[in-house]
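To keep things clear, I will list the structure first and then write my remarks on it.
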Amino acid sequence: MTVAEIMTELQAKGSGSIKNILLKHGVKEPFFGVKVEYLKVIEKKIKKDYALALELYSTGNADAMYLAALIADDEQMTKEDLQTWAQMAESTNISSYAVPWVAAGSRYGFEMGMAWIDAKEEHIAIAGWSTLGGLVALKPDSELDIATFRKLLQRLSQTIHSARNREKQAMNGFIIAVGSYVTELSAEAVTIANAIGALTVDMNGTACKVPLAADYIKKAVDKGSLGKKKKKKKLKC
């Protein structure tokens with residue numbers, strides 16, 4: 001499929017009602033309002049295509065950008081590709097899910113995530129924390145820099161309440177990821193999550209809530225899934 005063919009198909013599958021919902025959740029124009037389930041239908045037809053993913057993402061259309069992440073060949077992504085993607089990721093579904101999962105699956109996830117968390121632009125910082133959270137979910141603990149992740153937890157214990165709005169949500173997600181997937185740091189993550197307590201995040205009138213990180217980690221422990229890594233990249237929104 002060509003970019004033109006895909007864009008035509010996306011436009012045909014767009015929904016005004018879905019678009020209105022996504023707008024409230026921080027997805028920015030231009031986009032058609034295509035359900036993720038249909039994007040995955042297209043993904044199955046294309047499978048992996050590095051060059052096509054770059055072309056789709058460069059359109060700036062949020063539906064196409066999300067599809068680009070689904071078909072991206074993570075291992076072929078360069079640092080320059082990832083940086084461009086992070087800079088363009090102004091929609092919440094792209095900064096929180098699409099870019100981080102591609103970055104986490106690439107050779108440069110840790111490097112890029114660590115750089116992005118200090119970005120002046122909130123959407124890039126969100127991509128950074130979400131990328132690092134994705135890394136701990138995918139990589140064996142033996143491949144993680146445990147000392148650095150411990151320092152990041154300690155950093156958040158001091159800074160999360162003064163962070164920017166959606167950035168706080170991404171930071172909270174990072175704490176949950178470390179507490180759920182890194183056995184050695186789980187107890188520390190719970191202690192820090194309890195000290196942080198509830199977070200105030202403006203969800204733009206939607207029903208979404210920021211979960212208490214300690215409660216979320218406890219669910220992983222209770223289910224017996226503590227430390228069990230994800231085997232396959234999964235995007236959700």
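Here, A, B, ... name the chains of the structure tokens in the order displayed, residue numbers run from 1 inside each chain, and ligands are numbered from 1 in the same displayed order.
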Practice task
Name the residues in contact with range 72-87 of chain A at a cut-off of 6 Å, using only C-alpha atoms, excluding same-chain residues fewer than 6 positions from it; report them as a PyMOL selection string.
Solution key: chain A and resi 48-50+53+102+105-106+124
Handout entry: Selection near Lys19 in chain A, 10 Å with only C-alpha atoms, sequence-local residues under 3 positions removed, as a VMD selection string
Key = chain A and resid 14 to 16 22 to 25 27 to 29 31 to 35
Go ahead and save the picked residues with N, CA, C and O atoms, as a PDB file, in the first residue's frame.
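Output file again.pdb is given in full below:
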ATOM      1  N   GLY A  14     -12.786   7.212   9.094  1.00  0.00           N
ATOM      2  CA  GLY A  14     -12.858   8.183  10.175  1.00  0.00           C
ATOM      3  C   GLY A  14     -14.271   8.332  10.709  1.00  0.00           C
ATOM      4  O   GLY A  14     -15.252   8.140   9.993  1.00  0.00           O
ATOM      5  N   SER A  15     -14.366   8.676  11.984  1.00  0.00           N
ATOM      6  CA  SER A  15     -15.665   8.835  12.639  1.00  0.00           C
ATOM      7  C   SER A  15     -15.689  10.151  13.405  1.00  0.00           C
ATOM      8  O   SER A  15     -14.787  10.436  14.199  1.00  0.00           O
ATOM      9  N   GLY A  16     -16.730  10.935  13.175  1.00  0.00           N
ATOM     10  CA  GLY A  16     -16.858  12.199  13.884  1.00  0.00           C
ATOM     11  C   GLY A  16     -16.984  12.012  15.379  1.00  0.00           C
ATOM     12  O   GLY A  16     -16.415  12.777  16.167  1.00  0.00           O
ATOM     13  N   LEU A  22     -11.530  11.664  21.020  1.00  0.00           N
ATOM     14  CA  LEU A  22     -10.071  11.755  21.020  1.00  0.00           C
ATOM     15  C   LEU A  22      -9.598  13.193  21.228  1.00  0.00           C
ATOM     16  O   LEU A  22      -8.562  13.426  21.874  1.00  0.00           O
ATOM     17  N   LEU A  23     -10.340  14.155  20.715  1.00  0.00           N
ATOM     18  CA  LEU A  23      -9.987  15.556  20.941  1.00  0.00           C
ATOM     19  C   LEU A  23      -9.978  15.879  22.434  1.00  0.00           C
ATOM     20  O   LEU A  23      -9.088  16.581  22.932  1.00  0.00           O
ATOM     21  N   LYS A  24     -10.961  15.358  23.148  1.00  0.00           N
ATOM     22  CA  LYS A  24     -11.022  15.584  24.599  1.00  0.00           C
ATOM     23  C   LYS A  24      -9.864  14.926  25.331  1.00  0.00           C
ATOM     24  O   LYS A  24      -9.475  15.354  26.411  1.00  0.00           O
ATOM     25  N   HIS A  25      -9.327  13.862  24.717  1.00  0.00           N
ATOM     26  CA  HIS A  25      -8.217  13.139  25.334  1.00  0.00           C
ATOM     27  C   HIS A  25      -6.851  13.670  24.888  1.00  0.00           C
ATOM     28  O   HIS A  25      -5.827  13.056  25.196  1.00  0.00           O
ATOM     29  N   VAL A  27      -5.758  14.406  21.635  1.00  0.00           N
ATOM     30  CA  VAL A  27      -5.286  14.162  20.269  1.00  0.00           C
ATOM     31  C   VAL A  27      -5.508  15.452  19.474  1.00  0.00           C
ATOM     32  O   VAL A  27      -6.563  16.064  19.564  1.00  0.00           O
ATOM     33  N   LYS A  28      -4.508  15.843  18.713  1.00  0.00           N
ATOM     34  CA  LYS A  28      -4.558  17.121  18.026  1.00  0.00           C
ATOM     35  C   LYS A  28      -4.740  16.949  16.519  1.00  0.00           C
ATOM     36  O   LYS A  28      -4.326  15.963  15.934  1.00  0.00           O
ATOM     37  N   GLU A  29      -5.400  17.940  15.925  1.00  0.00           N
ATOM     38  CA  GLU A  29      -5.573  17.971  14.473  1.00  0.00           C
ATOM     39  C   GLU A  29      -4.207  18.033  13.789  1.00  0.00           C
ATOM     40  O   GLU A  29      -3.253  18.559  14.353  1.00  0.00           O
ATOM     41  N   PHE A  31      -6.484  14.836  12.076  1.00  0.00           N
ATOM     42  CA  PHE A  31      -6.733  13.399  12.131  1.00  0.00           C
ATOM     43  C   PHE A  31      -8.184  13.148  11.780  1.00  0.00           C
ATOM     44  O   PHE A  31      -9.005  14.059  11.802  1.00  0.00           O
ATOM     45  N   PHE A  32      -8.513  11.895  11.441  1.00  0.00           N
ATOM     46  CA  PHE A  32      -9.848  11.559  10.965  1.00  0.00           C
ATOM     47  C   PHE A  32     -10.730  10.921  12.037  1.00  0.00           C
ATOM     48  O   PHE A  32     -11.942  10.880  11.883  1.00  0.00           O
ATOM     49  N   GLY A  33     -10.129  10.400  13.090  1.00  0.00           N
ATOM     50  CA  GLY A  33     -10.898   9.710  14.119  1.00  0.00           C
ATOM     51  C   GLY A  33     -11.116   8.242  13.791  1.00  0.00           C
ATOM     52  O   GLY A  33     -12.241   7.743  13.845  1.00  0.00           O
ATOM     53  N   VAL A  34     -10.032   7.548  13.463  1.00  0.00           N
ATOM     54  CA  VAL A  34     -10.110   6.126  13.120  1.00  0.00           C
ATOM     55  C   VAL A  34      -9.899   5.293  14.381  1.00  0.00           C
ATOM     56  O   VAL A  34      -8.978   5.544  15.155  1.00  0.00           O
ATOM     57  N   LYS A  35     -10.738   4.290  14.590  1.00  0.00           N
ATOM     58  CA  LYS A  35     -10.588   3.424  15.743  1.00  0.00           C
ATOM     59  C   LYS A  35      -9.275   2.647  15.656  1.00  0.00           C
ATOM     60  O   LYS A  35      -8.862   2.212  14.579  1.00  0.00           O
TER      61      LYS A  35
END
Problem - Test item: residues at most 7 Å from range 131-141 of chain A, only C-alpha atoms, excluding those fewer than 6 positions along its chain, as a list in words - result: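 Once the adjacent positions are removed, what remains is Pro100, Trp101, Ala103, Ala104, Gly109, Phe110, Gly113, Gly173, Phe174, Ala177, Val178, Tyr181, Val182, Lys229, Lys230 and Lys231 of chain A.
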Could you take the residues named above and write them with C-alpha atoms, as a compact mmCIF listing (two decimals), in the first residue's frame?
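Output below, filename out-v8.txt:
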# COMPACT_ATOMS: atom_id res chain seq x y z
CA PRO A 100 7.56 5.26 23.45
CA TRP A 101 6.84 1.71 22.32
CA ALA A 103 11.68 3.77 21.07
CA ALA A 104 11.62 1.07 23.75
CA GLY A 109 15.47 3.43 23.96
CA PHE A 110 17.43 4.04 27.15
CA GLY A 113 14.37 8.17 27.06
CA GLY A 173 3.08 5.37 34.79
CA PHE A 174 6.85 5.03 35.08
CA ALA A 177 6.07 0.08 35.43
CA VAL A 178 9.18 -0.10 37.60
CA TYR A 181 8.28 -5.24 36.21
CA VAL A 182 11.55 -4.75 38.13
CA LYS A 229 8.02 -9.11 31.17
CA LYS A 230 5.93 -8.40 28.11
CA LYS A 231 6.83 -10.59 25.14
Problem - Top pick for closest residue to Val41 in chain A, considering A:Met65, A:Ala213, A:Ile6, A:Ile21 and counting only C-alpha atoms - result: A:Ile6
Exercise for the section: Using DSSP on the backbone coordinates, identify all residues within range 3-232 of chain A classified as helix (DSSP H, G or I); present the result as a PyMOL selection string. Expected result: chain A and resi 3-13+16-24+36-46+50-58+62-71+74-76+79-88+92-105+109-116+122-138+141-143+146-162+165-181+183-196+213-222
Handout entry: Nearest candidate to Arg164 in chain A (options A:Ile117, A:Cys208, A:Glu188, A:Phe149; using only C-alpha atoms)
Key = A:Ile117
Considering only C-alpha atoms, return as a CSV table (one decimal) with all heavy atoms, in the first residue's frame whatever protein or nucleic-acid residues lie within 8 Å of Ala193 in chain A, sequence-local ones (same chain, fewer than 6 positions apart) excluded.
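Result saved to result-v2.csv:
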chain,number,residue,atom,x,y,z
A,157,SER,N,10.2,11.2,43.5
A,157,SER,CA,9.6,11.4,44.8
A,157,SER,C,9.7,12.9,45.2
A,157,SER,O,8.9,13.3,46.1
A,157,SER,CB,10.4,10.5,45.9
A,157,SER,OG,11.7,11.0,46.1
A,175,ILE,N,6.5,4.9,37.5
A,175,ILE,CA,6.6,4.3,38.8
A,175,ILE,C,5.9,3.0,38.8
A,175,ILE,O,6.4,2.0,39.4
A,175,ILE,CB,6.0,5.3,39.9
A,175,ILE,CG1,6.9,6.5,40.0
A,175,ILE,CG2,5.9,4.5,41.2
A,175,ILE,CD1,6.2,7.6,40.9
A,212,LEU,N,-3.7,5.3,41.6
A,212,LEU,CA,-2.7,5.3,42.7
A,212,LEU,C,-1.6,4.2,42.4
A,212,LEU,O,-2.0,3.0,42.2
A,212,LEU,CB,-3.3,5.0,44.1
A,212,LEU,CG,-4.2,6.1,44.6
A,212,LEU,CD1,-5.0,5.6,45.8
A,212,LEU,CD2,-3.3,7.3,45.0
A,213,ALA,N,-0.4,4.6,42.2
A,213,ALA,CA,0.6,3.7,41.8
A,213,ALA,C,0.8,2.5,42.7
A,213,ALA,O,1.0,1.4,42.2
A,213,ALA,CB,2.0,4.5,41.6
A,214,ALA,N,0.8,2.7,44.0
A,214,ALA,CA,0.9,1.6,44.9
A,214,ALA,C,-0.2,0.6,44.8
A,214,ALA,O,0.1,-0.6,44.8
A,214,ALA,CB,1.0,2.2,46.4
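Minimum atom-to-atom distance to Asn165 in chain A, evaluated using only C-alpha atoms, belongs to A:Gly26 out of A:Met88, A:Met112, A:Thr183, A:Gly26.
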Practice task
Report the distance between CA of Ser96 in chain A and CA of Ala69 in chain A in Å, rounded to one decimal place.
Solution key: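 Calculated distance between CA of Ser96 in chain A and CA of Ala69 in chain A is 11.9 Å.
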Problem - Residue contacts of Leu52 in chain A (12 Å, only C-alpha atoms) excluding same-chain residues fewer than 2 positions away, as a ChimeraX atom specification - result: /A:1-6,43,46-50,54-59,64-65,67-73
